[in-house]
>>> print(open('final_4.cif').read())   # mmCIF, C-alpha atoms
data_structure
#
loop_
_atom_site.label_atom_id
_atom_site.label_comp_id
_atom_site.auth_asym_id
_atom_site.auth_seq_id
_atom_site.Cartn_x
_atom_site.Cartn_y
_atom_site.Cartn_z
CA MET A 245 92.68 90.23 105.62
CA ARG A 246 90.44 88.93 102.83
CA GLY A 247 89.27 91.79 100.64
CA ARG A 248 90.43 94.36 103.15
CA ARG A 249 92.06 97.58 102.10
CA LEU A 250 94.23 99.46 104.52
CA ASN A 251 96.25 102.42 103.46
CA SER A 252 98.96 104.33 105.21
CA ASN A 253 96.77 107.29 106.11
CA GLY A 254 93.73 105.34 107.21
CA ARG A 255 91.68 106.14 104.10
CA LYS A 256 89.86 103.48 102.19
CA GLY A 257 89.66 103.16 98.45
CA ARG A 258 91.80 103.90 95.49
CA GLY A 259 93.51 107.16 96.25
CA ARG A 260 92.72 110.46 94.60
CA GLY A 261 90.24 109.58 91.89
CA HIS A 262 92.61 108.93 89.00
CA ALA A 263 91.45 108.03 85.55
CA GLN A 264 92.49 104.59 84.27
CA PRO A 265 96.25 104.43 84.91
CA GLU A 266 98.56 103.65 82.01
CA MET A 267 100.46 100.36 82.30
CA LEU A 268 104.20 100.98 82.25
CA LEU A 269 105.54 97.52 82.86
CA LYS A 270 104.57 94.13 84.16
CA LEU A 271 107.08 91.68 85.58
CA GLU A 272 106.75 88.06 86.56
CA LEU A 273 109.58 87.06 88.83
CA LYS A 274 110.49 84.29 91.23
CA SER A 275 111.07 84.56 94.95
CA ASN A 276 114.85 84.55 94.49
CA PRO A 277 116.72 87.29 96.36
CA GLU A 278 119.26 87.42 93.50
CA SER A 279 116.57 88.96 91.29
CA LEU A 280 116.15 92.00 93.53
CA CYS A 281 119.00 93.93 91.94
CA LEU A 282 117.38 93.58 88.52
CA VAL A 283 114.04 94.79 89.80
CA ARG A 284 115.68 97.78 91.52
CA ALA A 285 117.38 98.79 88.28
CA THR A 286 114.11 98.45 86.35
CA VAL A 287 112.05 100.44 88.83
CA GLU A 288 114.72 103.12 89.06
CA ARG A 289 114.56 103.62 85.31
CA ALA A 290 110.74 103.70 85.35
CA ALA A 291 110.74 106.38 88.03
CA GLU A 292 113.28 108.42 86.07
CA VAL A 293 111.14 108.20 82.95
CA LEU A 294 108.25 109.64 84.98
CA HIS A 295 110.50 112.56 86.01
CA PHE A 296 110.68 111.75 89.70
CA GLN A 297 113.51 113.54 91.50
CA ASP A 298 116.47 111.47 92.68
CA VAL A 299 115.31 111.39 96.29
CA GLU A 300 111.83 110.29 95.22
CA THR A 301 113.26 107.66 92.88
CA ARG A 302 115.34 106.23 95.70
CA ALA A 303 112.22 106.10 97.89
CA ILE A 304 110.29 104.19 95.24
CA VAL A 305 113.14 101.75 94.59
CA ARG A 306 113.61 101.18 98.33
CA SER A 307 109.90 100.48 98.83
CA VAL A 308 109.67 97.96 96.02
CA ASP A 309 112.83 96.21 97.20
CA GLU A 310 111.63 96.01 100.80
CA ALA A 311 108.17 94.84 99.76
CA LEU A 312 109.60 92.08 97.58
CA ALA A 313 111.99 91.05 100.34
CA ASN A 314 109.01 90.79 102.71
CA VAL A 315 107.17 88.56 100.26
CA MET A 316 110.23 86.31 99.90
CA ARG A 317 110.95 86.11 103.62
CA HIS A 318 107.49 86.09 105.16
CA ALA A 319 104.79 85.16 102.64
CA TYR A 320 106.95 82.45 101.05
CA GLY A 321 109.02 81.65 104.16
CA GLY A 322 112.33 81.96 102.31
CA ARG A 323 111.45 79.35 99.66
CA PRO A 324 112.91 80.27 96.26
CA GLY A 325 111.29 79.82 92.85
CA LEU A 326 107.75 80.89 93.80
CA PRO A 327 105.83 83.42 91.69
CA ILE A 328 105.57 87.14 92.30
CA GLU A 329 103.89 89.55 89.90
CA MET A 330 104.69 93.22 89.78
CA SER A 331 102.92 95.86 87.76
CA CYS A 332 103.80 99.54 87.45
CA ARG A 333 101.29 102.07 86.19
CA ARG A 334 101.61 105.73 85.44
CA LEU A 335 99.00 107.85 87.19
CA GLN A 336 97.99 110.65 84.86
CA GLN A 337 97.87 114.23 85.94
CA GLY A 338 94.54 116.02 85.60
CA GLY A 339 91.26 114.32 84.75
CA GLN A 340 87.92 115.34 86.21
CA LYS A 341 89.53 116.28 89.50
CA ALA A 342 92.79 118.15 89.87
CA VAL A 343 95.00 115.20 90.70
CA GLN A 344 98.74 114.73 90.72
CA GLY A 345 100.59 112.43 88.43
CA GLY A 346 102.56 109.60 89.91
CA ILE A 347 103.34 105.91 89.90
CA GLU A 348 101.27 103.00 91.17
CA ILE A 349 103.02 99.72 91.89
CA VAL A 350 101.12 96.54 92.70
CA LEU A 351 102.77 93.34 93.94
CA ALA A 352 100.90 90.04 94.02
CA ASP A 353 102.01 86.75 95.55
CA ARG A 354 100.41 83.42 96.40
CA GLY A 355 102.06 83.06 99.81
CA LYS A 356 100.43 82.75 103.20
CA PRO A 357 98.10 85.59 104.21
CA VAL A 358 99.70 88.60 105.85
CA LYS A 359 98.72 88.91 109.50
CA HIS A 360 97.27 92.25 110.53
CA ALA A 361 99.69 92.52 113.47
CA ALA A 362 102.63 92.14 111.09
CA LEU A 363 101.51 95.26 109.22
CA GLN A 364 102.09 97.48 112.23
CA GLY A 365 105.88 97.22 112.17
CA ARG A 366 107.86 97.58 115.35
CA SER A 367 108.64 100.52 117.56
CA PHE A 368 111.60 102.69 116.60
CA ASP A 369 112.53 102.77 120.26
CA GLU A 370 113.70 99.18 120.08
CA ILE A 371 117.28 98.74 119.02
CA ARG A 372 117.25 95.30 117.53
CA PRO A 373 117.73 93.71 114.13
CA GLY A 374 114.68 93.31 111.90
CA GLY A 375 111.21 94.79 111.53
CA LEU A 376 112.25 97.92 109.64
CA GLY A 377 111.17 97.09 106.10
CA LEU A 378 107.53 98.06 106.52
CA HIS A 379 108.51 101.32 108.21
CA PHE A 380 110.71 102.14 105.23
CA ILE A 381 107.80 101.52 102.85
CA ARG A 382 105.34 103.59 104.83
CA GLN A 383 107.79 106.47 105.18
CA SER A 384 108.73 106.39 101.51
CA MET A 385 105.36 106.07 99.74
CA ASP A 386 102.21 108.22 99.78
CA GLU A 387 99.76 105.34 99.82
CA VAL A 388 100.27 101.75 101.00
CA GLU A 389 97.41 99.27 100.88
CA PHE A 390 97.40 95.57 101.70
CA SER A 391 94.58 93.28 100.64
CA ARG A 392 93.97 89.63 99.86
CA LYS A 393 91.92 88.51 96.89
CA LYS A 394 91.44 85.13 95.26
CA GLY A 395 94.23 83.54 97.25
CA LYS A 396 96.71 86.33 96.50
CA ASN A 397 98.32 88.89 98.76
CA LEU A 398 98.17 92.27 97.06
CA LEU A 399 100.23 95.27 97.98
CA ARG A 400 99.47 98.55 96.24
CA MET A 401 101.90 101.42 96.67
CA VAL A 402 101.57 104.90 95.21
CA LYS A 403 104.03 107.74 94.99
CA TYR A 404 102.86 111.10 93.68
CA LEU A 405 105.04 113.55 91.86
CA SER A 406 105.73 116.56 94.05
CA PRO A 407 104.20 119.80 92.69
CA THR A 408 107.62 121.21 91.81
CA THR A 409 108.67 118.01 90.05
CA GLN A 410 105.38 117.90 88.21
CA ALA A 411 105.71 121.48 87.00
CA ALA A 412 109.23 120.83 85.75
CA ALA A 413 108.13 117.60 84.05
CA SER A 414 105.23 119.34 82.32
CA GLU A 415 107.56 122.00 80.95
CA GLY A 416 109.88 119.31 79.63
CA GLU A 417 107.13 117.45 77.74
CA MET B 269 128.75 92.14 96.77
CA GLN B 270 132.38 91.66 97.72
CA ILE B 271 134.07 91.85 101.10
CA ALA B 272 137.81 92.28 101.58
CA ALA B 273 139.62 92.51 104.92
CA ARG B 274 142.83 94.46 105.53
CA PRO B 275 144.70 95.31 108.73
CA ALA B 276 144.43 98.77 110.24
CA THR B 277 145.64 100.55 113.35
CA GLY B 278 144.16 98.64 116.25
CA GLY B 279 141.92 96.49 114.15
CA THR B 280 140.64 95.45 110.75
CA ILE B 281 139.00 97.28 107.89
CA LEU B 282 136.28 95.43 106.00
CA ASP B 283 135.89 96.95 102.53
CA ILE B 284 132.40 96.27 101.20
CA THR B 285 131.65 96.69 97.49
CA GLY B 286 128.22 96.42 95.90
CA ASP B 287 124.67 96.18 97.21
CA ILE B 288 123.79 94.95 100.68
CA ASP B 289 120.35 93.49 100.13
CA LEU B 290 118.45 90.34 101.06
CA ALA B 291 120.71 88.29 98.79
CA HIS B 292 123.96 89.58 100.26
CA SER B 293 123.39 90.77 103.82
CA PRO B 294 123.96 87.22 105.23
CA ALA B 295 127.52 87.30 103.86
CA MET B 296 128.21 90.69 105.43
CA ARG B 297 126.66 89.55 108.72
CA LYS B 298 128.89 86.46 108.73
CA ALA B 299 132.06 88.45 108.01
CA LEU B 300 131.20 91.04 110.63
CA LEU B 301 130.38 88.55 113.38
CA GLN B 302 133.44 86.44 112.55
CA GLU B 303 135.65 89.48 112.99
CA ILE B 304 133.97 90.57 116.22
CA LYS B 305 133.14 87.31 117.97
CA GLU B 306 135.66 84.79 116.69
CA LYS B 307 138.72 86.90 116.01
CA LYS B 308 137.85 89.32 118.82
CA THR B 309 139.20 92.24 116.83
CA PRO B 310 139.16 95.31 119.09
CA LYS B 311 138.19 97.77 116.32
CA VAL B 312 136.26 96.73 113.24
CA PHE B 313 136.05 99.44 110.59
CA LEU B 314 133.37 99.00 107.97
CA ASN B 315 134.18 100.83 104.74
CA LEU B 316 130.88 101.56 102.97
CA GLU B 317 132.29 103.94 100.31
CA LYS B 318 131.47 101.51 97.51
CA VAL B 319 128.08 100.41 98.78
CA ARG B 320 125.42 101.61 96.36
CA TYR B 321 122.43 100.26 98.25
CA ILE B 322 121.54 98.88 101.66
CA ASP B 323 118.16 97.49 102.70
CA SER B 324 116.59 96.75 106.08
CA SER B 325 118.25 93.32 106.22
CA GLY B 326 121.62 95.05 105.84
CA ILE B 327 120.76 97.49 108.61
CA ALA B 328 119.68 94.53 110.76
CA SER B 329 123.08 92.91 110.19
CA LEU B 330 124.81 96.13 111.25
CA VAL B 331 122.71 96.29 114.41
CA GLU B 332 123.62 92.69 115.17
CA GLY B 333 127.28 93.53 114.67
CA LEU B 334 126.98 96.54 116.94
CA LYS B 335 125.37 94.47 119.69
CA ALA B 336 128.07 91.82 119.36
CA SER B 337 130.81 94.45 119.57
CA ARG B 338 129.25 95.93 122.69
CA ASP B 339 129.10 92.45 124.23
CA GLN B 340 132.78 91.93 123.39
CA GLY B 341 133.83 95.37 124.58
CA SER B 342 135.09 96.20 121.09
CA ARG B 343 134.14 98.93 118.61
CA LEU B 344 132.32 98.85 115.29
CA ILE B 345 133.08 101.96 113.26
CA LEU B 346 131.40 102.86 109.97
CA PHE B 347 132.77 105.28 107.38
CA GLY B 348 132.23 106.45 103.82
CA LEU B 349 128.44 106.30 103.81
CA SER B 350 126.86 107.27 100.48
CA LYS B 351 123.76 109.44 100.25
CA THR B 352 121.64 106.33 99.77
CA VAL B 353 123.09 104.56 102.81
CA ARG B 354 122.75 107.70 104.95
CA GLU B 355 119.11 108.03 103.94
CA VAL B 356 118.36 104.49 105.05
CA MET B 357 120.21 105.05 108.33
CA GLU B 358 118.10 108.15 108.94
CA LEU B 359 114.88 106.33 108.07
CA SER B 360 115.76 103.62 110.58
CA ARG B 361 116.56 106.32 113.16
CA LEU B 362 119.62 104.32 114.09
CA GLN B 363 122.31 106.68 112.89
CA LYS B 364 122.91 107.99 116.40
CA ILE B 365 123.66 104.59 117.89
CA PHE B 366 126.44 103.90 115.36
CA GLU B 367 129.89 105.41 115.33
CA ILE B 368 129.99 107.00 111.87
CA HIS B 369 132.80 108.97 110.20
CA ASP B 370 133.03 110.60 106.79
CA SER B 371 136.42 109.18 105.77
CA GLU B 372 138.84 106.37 106.53
CA ALA B 373 141.36 108.85 107.95
CA GLN B 374 138.80 110.22 110.39
CA ALA B 375 137.67 106.73 111.36
CA LEU B 376 141.23 105.58 112.03
CA ALA B 377 141.97 108.68 114.08
CA SER B 378 138.91 108.18 116.27
#
>>> encode(input="final_4.cif", output="structure tokens")
Amino acid sequence: MRGRRLNSNGRKGRGRGHAQPEMLLKLELKSNPESLCLVRATVERAAEVLHFQDVETRAIVRSVDEALANVMRHAYGGRPGLPIEMSCRRLQQGGQKAVQGGIEIVLADRGKPVKHAALQGRSFDEIRPGGLGLHFIRQSMDEVEFSRKKGKNLLRMVKYLSPTTQAAASEGE
Amino acid sequence: MQIAARPATGGTILDITGDIDLAHSPAMRKALLQEIKEKKTPKVFLNLEKVRYIDSSGIASLVEGLKASRDQGSRLILFGLSKTVREVMELSRLQKIFEIHDSEAQALAS
């Protein structure tokens, strides 16, 4: 997986040609499941500030929570106290191309590399515990990219504002 | 997250309060399996009215509980699902395999 970018729709690269995104927040947390509730609350507020609708906000919160849980369980094998970095950036509307505004969230950990097979998730036809987290992320976000750089697993997730949300947000600004 | 058990017609109601996430799903799993496998309760009602959030590990615990109840010949019945919990159920495409009711009264009458 070194240096490899895979996104949810098979495209390579960094999405829809955004200008430099604006940093909203940066968190350094430990691989302790007890911290997840704090991160959910923080991300929920960030999404609200960006005028995401409730259903979109829940999707973003769910994706971050599931991604962090995957890092804790799989990359770090359930060991607590190990570092995870999370950054949230605001994607600006407009620029040279007509692009949507949105949020970009990047998680970085120093755990074991993610295996390609593990990124496929499991079939929905199976009724068994486990294996749903990645499906939730892929269903909830517009772009999902895994890569590994300099000994770190990186997960980049993007959610765009829907056109109706964006129009309402623009009127409110 | 808090779990409280109370008797109900033909079984036990487990009232869950709080978030069912990676930190807390093991406790719910334990309570659920204890009720189903050890106590062999014929009907286990799971009250999710006060659950604000559930993640995939919580759903996995519910699936494990459902499988255990089927093995025991008992029933696992869910009620009071919030919008957030329903969304996750739909995403997992598992809502049809669970017995789900809107309210406690409907669940008890089932």
>>> resolve_selection(input="final_4.cif", expression="the PyMOL selection byres ((chain B and resi 357-364) around 8)", output="MDAnalysis selection string")
(chainID A and resid 368 371 376 379:380 383) or (chainID B and resid 327 353:356 365:368)
>>> atom_distance(input="final_4.cif", atom1="atom CA of Arg382 of chain A", atom2="atom CA of Leu399 of chain A")
11.9 Å
>>> residues_around(input="final_4.cif", residues="Lys318 of chain B", least_positions_apart="2", cutoff="9 Å", atoms="all atoms listed in the file", output="list in words")
Asp283, Ile284, Thr285, Gly286, Asp287, Asn315, Leu316, Arg320, Gly348, Leu349 and Ser350 of chain B
>>> interface_residues(input="final_4.cif", of="chain B", to="chain A", cutoff="7 Å", atoms="all atoms listed in the file", output="PDB file with C-alpha atoms, in the frame of the given file")
ATOM      1  CA  LEU B 290     118.450  90.340 101.060  1.00  0.00           C
ATOM      2  CA  ALA B 291     120.710  88.290  98.790  1.00  0.00           C
ATOM      3  CA  ASP B 323     118.160  97.490 102.700  1.00  0.00           C
ATOM      4  CA  SER B 324     116.590  96.750 106.080  1.00  0.00           C
ATOM      5  CA  SER B 325     118.250  93.320 106.220  1.00  0.00           C
ATOM      6  CA  ALA B 328     119.680  94.530 110.760  1.00  0.00           C
ATOM      7  CA  SER B 329     123.080  92.910 110.190  1.00  0.00           C
ATOM      8  CA  VAL B 331     122.710  96.290 114.410  1.00  0.00           C
ATOM      9  CA  GLU B 332     123.620  92.690 115.170  1.00  0.00           C
ATOM     10  CA  LEU B 359     114.880 106.330 108.070  1.00  0.00           C
ATOM     11  CA  SER B 360     115.760 103.620 110.580  1.00  0.00           C
TER      12      SER B 360
END
>>> closest_residue(input="final_4.cif", among="B:Lys335, B:Glu303, B:Thr352, B:Gly326", to="Arg274 of chain B", atoms="all atoms listed in the file")
B:Glu303
>>> resolve_selection(input="final_4.cif", expression="the PyMOL selection byres ((chain B and resi 304) around 12)", output="ChimeraX atom specification")
/B:279-282,297-303,305-314,330,332-345
>>> write_last_selection(input="final_4.cif", atoms="C-alpha atoms", output="mmCIF file, in the frame of the given file")
data_model
loop_
_atom_site.group_PDB
_atom_site.id
_atom_site.type_symbol
_atom_site.label_atom_id
_atom_site.label_comp_id
_atom_site.auth_asym_id
_atom_site.auth_seq_id
_atom_site.Cartn_x
_atom_site.Cartn_y
_atom_site.Cartn_z
ATOM 1 C CA GLY B 279 141.920 96.490 114.150
ATOM 2 C CA THR B 280 140.640 95.450 110.750
ATOM 3 C CA ILE B 281 139.000 97.280 107.890
ATOM 4 C CA LEU B 282 136.280 95.430 106.000
ATOM 5 C CA ARG B 297 126.660 89.550 108.720
ATOM 6 C CA LYS B 298 128.890 86.460 108.730
ATOM 7 C CA ALA B 299 132.060 88.450 108.010
ATOM 8 C CA LEU B 300 131.200 91.040 110.630
ATOM 9 C CA LEU B 301 130.380 88.550 113.380
ATOM 10 C CA GLN B 302 133.440 86.440 112.550
ATOM 11 C CA GLU B 303 135.650 89.480 112.990
ATOM 12 C CA LYS B 305 133.140 87.310 117.970
ATOM 13 C CA GLU B 306 135.660 84.790 116.690
ATOM 14 C CA LYS B 307 138.720 86.900 116.010
ATOM 15 C CA LYS B 308 137.850 89.320 118.820
ATOM 16 C CA THR B 309 139.200 92.240 116.830
ATOM 17 C CA PRO B 310 139.160 95.310 119.090
ATOM 18 C CA LYS B 311 138.190 97.770 116.320
ATOM 19 C CA VAL B 312 136.260 96.730 113.240
ATOM 20 C CA PHE B 313 136.050 99.440 110.590
ATOM 21 C CA LEU B 314 133.370 99.000 107.970
ATOM 22 C CA LEU B 330 124.810 96.130 111.250
ATOM 23 C CA GLU B 332 123.620 92.690 115.170
ATOM 24 C CA GLY B 333 127.280 93.530 114.670
ATOM 25 C CA LEU B 334 126.980 96.540 116.940
ATOM 26 C CA LYS B 335 125.370 94.470 119.690
ATOM 27 C CA ALA B 336 128.070 91.820 119.360
ATOM 28 C CA SER B 337 130.810 94.450 119.570
ATOM 29 C CA ARG B 338 129.250 95.930 122.690
ATOM 30 C CA ASP B 339 129.100 92.450 124.230
ATOM 31 C CA GLN B 340 132.780 91.930 123.390
ATOM 32 C CA GLY B 341 133.830 95.370 124.580
ATOM 33 C CA SER B 342 135.090 96.200 121.090
ATOM 34 C CA ARG B 343 134.140 98.930 118.610
ATOM 35 C CA LEU B 344 132.320 98.850 115.290
ATOM 36 C CA ILE B 345 133.080 101.960 113.260
#
>>> atom_distance(input="final_4.cif", atom1="atom CA of Gly321 of chain A", atom2="atom CA of Ser275 of chain A")
9.9 Å
>>> closest_residue(input="final_4.cif", among="B:Ala295, B:Ala272, B:Val319, B:Ala373", to="Lys351 of chain B", atoms="only C-alpha atoms")
B:Val319
>>> residues_around(input="final_4.cif", residues="segment 324-338 of chain A", least_positions_apart="5", cutoff="6 Å", atoms="all atoms listed in the file", output="MDAnalysis selection string")
chainID A and resid 265:276 343:353
>>> build_atoms(input="final_4.cif", residues="segment 303-329 of chain B", atoms="N, CA and C atoms", output="mmCIF file, keeping the file's coordinate frame")
data_model
loop_
_atom_site.group_PDB
_atom_site.id
_atom_site.type_symbol
_atom_site.label_atom_id
_atom_site.label_comp_id
_atom_site.auth_asym_id
_atom_site.auth_seq_id
_atom_site.Cartn_x
_atom_site.Cartn_y
_atom_site.Cartn_z
ATOM 1 N N GLU B 303 134.606 88.541 112.566
ATOM 2 C CA GLU B 303 135.650 89.480 112.990
ATOM 3 C C GLU B 303 135.482 89.859 114.462
ATOM 4 N N ILE B 304 134.232 90.089 114.853
ATOM 5 C CA ILE B 304 133.970 90.570 116.220
ATOM 6 C C ILE B 304 134.007 89.434 117.239
ATOM 7 N N LYS B 305 133.303 88.357 116.954
ATOM 8 C CA LYS B 305 133.140 87.310 117.970
ATOM 9 C C LYS B 305 134.246 86.271 117.963
ATOM 10 N N GLU B 306 134.668 85.860 116.753
ATOM 11 C CA GLU B 306 135.660 84.790 116.690
ATOM 12 C C GLU B 306 137.085 85.328 116.792
ATOM 13 N N LYS B 307 137.364 86.352 115.982
ATOM 14 C CA LYS B 307 138.720 86.900 116.010
ATOM 15 C C LYS B 307 138.916 87.903 117.136
ATOM 16 N N LYS B 308 137.827 88.346 117.717
ATOM 17 C CA LYS B 308 137.850 89.320 118.820
ATOM 18 C C LYS B 308 138.694 90.550 118.481
ATOM 19 N N THR B 309 138.494 91.043 117.285
ATOM 20 C CA THR B 309 139.200 92.240 116.830
ATOM 21 C C THR B 309 138.701 93.449 117.618
ATOM 22 N N PRO B 310 139.614 94.213 118.221
ATOM 23 C CA PRO B 310 139.160 95.310 119.090
ATOM 24 C C PRO B 310 138.441 96.444 118.350
ATOM 25 N N LYS B 311 138.877 96.734 117.102
ATOM 26 C CA LYS B 311 138.190 97.770 116.320
ATOM 27 C C LYS B 311 137.890 97.197 114.929
ATOM 28 N N VAL B 312 136.637 97.159 114.588
ATOM 29 C CA VAL B 312 136.260 96.730 113.240
ATOM 30 C C VAL B 312 135.732 97.947 112.487
ATOM 31 N N PHE B 313 136.450 98.305 111.422
ATOM 32 C CA PHE B 313 136.050 99.440 110.590
ATOM 33 C C PHE B 313 135.314 98.898 109.363
ATOM 34 N N LEU B 314 134.139 99.441 109.135
ATOM 35 C CA LEU B 314 133.370 99.000 107.970
ATOM 36 C C LEU B 314 133.387 100.113 106.930
ATOM 37 N N ASN B 315 134.070 99.840 105.813
ATOM 38 C CA ASN B 315 134.180 100.830 104.740
ATOM 39 C C ASN B 315 133.000 100.666 103.779
ATOM 40 N N LEU B 316 132.101 101.651 103.789
ATOM 41 C CA LEU B 316 130.880 101.560 102.970
ATOM 42 C C LEU B 316 130.941 102.507 101.756
ATOM 43 N N GLU B 317 132.149 102.993 101.427
ATOM 44 C CA GLU B 317 132.290 103.940 100.310
ATOM 45 C C GLU B 317 131.754 103.401 98.993
ATOM 46 N N LYS B 318 131.891 102.096 98.791
ATOM 47 C CA LYS B 318 131.470 101.510 97.510
ATOM 48 C C LYS B 318 130.182 100.699 97.638
ATOM 49 N N VAL B 319 129.401 101.053 98.633
ATOM 50 C CA VAL B 319 128.080 100.410 98.780
ATOM 51 C C VAL B 319 127.042 101.314 98.132
ATOM 52 N N ARG B 320 126.397 100.802 97.108
ATOM 53 C CA ARG B 320 125.420 101.610 96.360
ATOM 54 C C ARG B 320 124.040 101.546 96.984
ATOM 55 N N TYR B 321 123.775 100.468 97.716
ATOM 56 C CA TYR B 321 122.430 100.260 98.250
ATOM 57 C C TYR B 321 122.488 99.403 99.496
ATOM 58 N N ILE B 322 121.670 99.754 100.474
ATOM 59 C CA ILE B 322 121.540 98.880 101.660
ATOM 60 C C ILE B 322 120.048 98.819 102.013
ATOM 61 N N ASP B 323 119.579 97.635 102.345
ATOM 62 C CA ASP B 323 118.160 97.490 102.700
ATOM 63 C C ASP B 323 118.041 97.224 104.204
ATOM 64 N N SER B 324 116.820 96.942 104.640
ATOM 65 C CA SER B 324 116.590 96.750 106.080
ATOM 66 C C SER B 324 117.310 95.507 106.608
ATOM 67 N N SER B 325 117.520 94.509 105.743
ATOM 68 C CA SER B 325 118.250 93.320 106.220
ATOM 69 C C SER B 325 119.727 93.664 106.446
ATOM 70 N N GLY B 326 120.241 94.585 105.635
ATOM 71 C CA GLY B 326 121.620 95.050 105.840
ATOM 72 C C GLY B 326 121.745 95.849 107.119
ATOM 73 N N ILE B 327 120.760 96.715 107.365
ATOM 74 C CA ILE B 327 120.760 97.490 108.610
ATOM 75 C C ILE B 327 120.655 96.543 109.809
ATOM 76 N N ALA B 328 119.828 95.515 109.669
ATOM 77 C CA ALA B 328 119.680 94.530 110.760
ATOM 78 C C ALA B 328 121.017 93.843 111.050
ATOM 79 N N SER B 329 121.771 93.549 109.996
ATOM 80 C CA SER B 329 123.080 92.910 110.190
ATOM 81 C C SER B 329 124.048 93.868 110.910
#
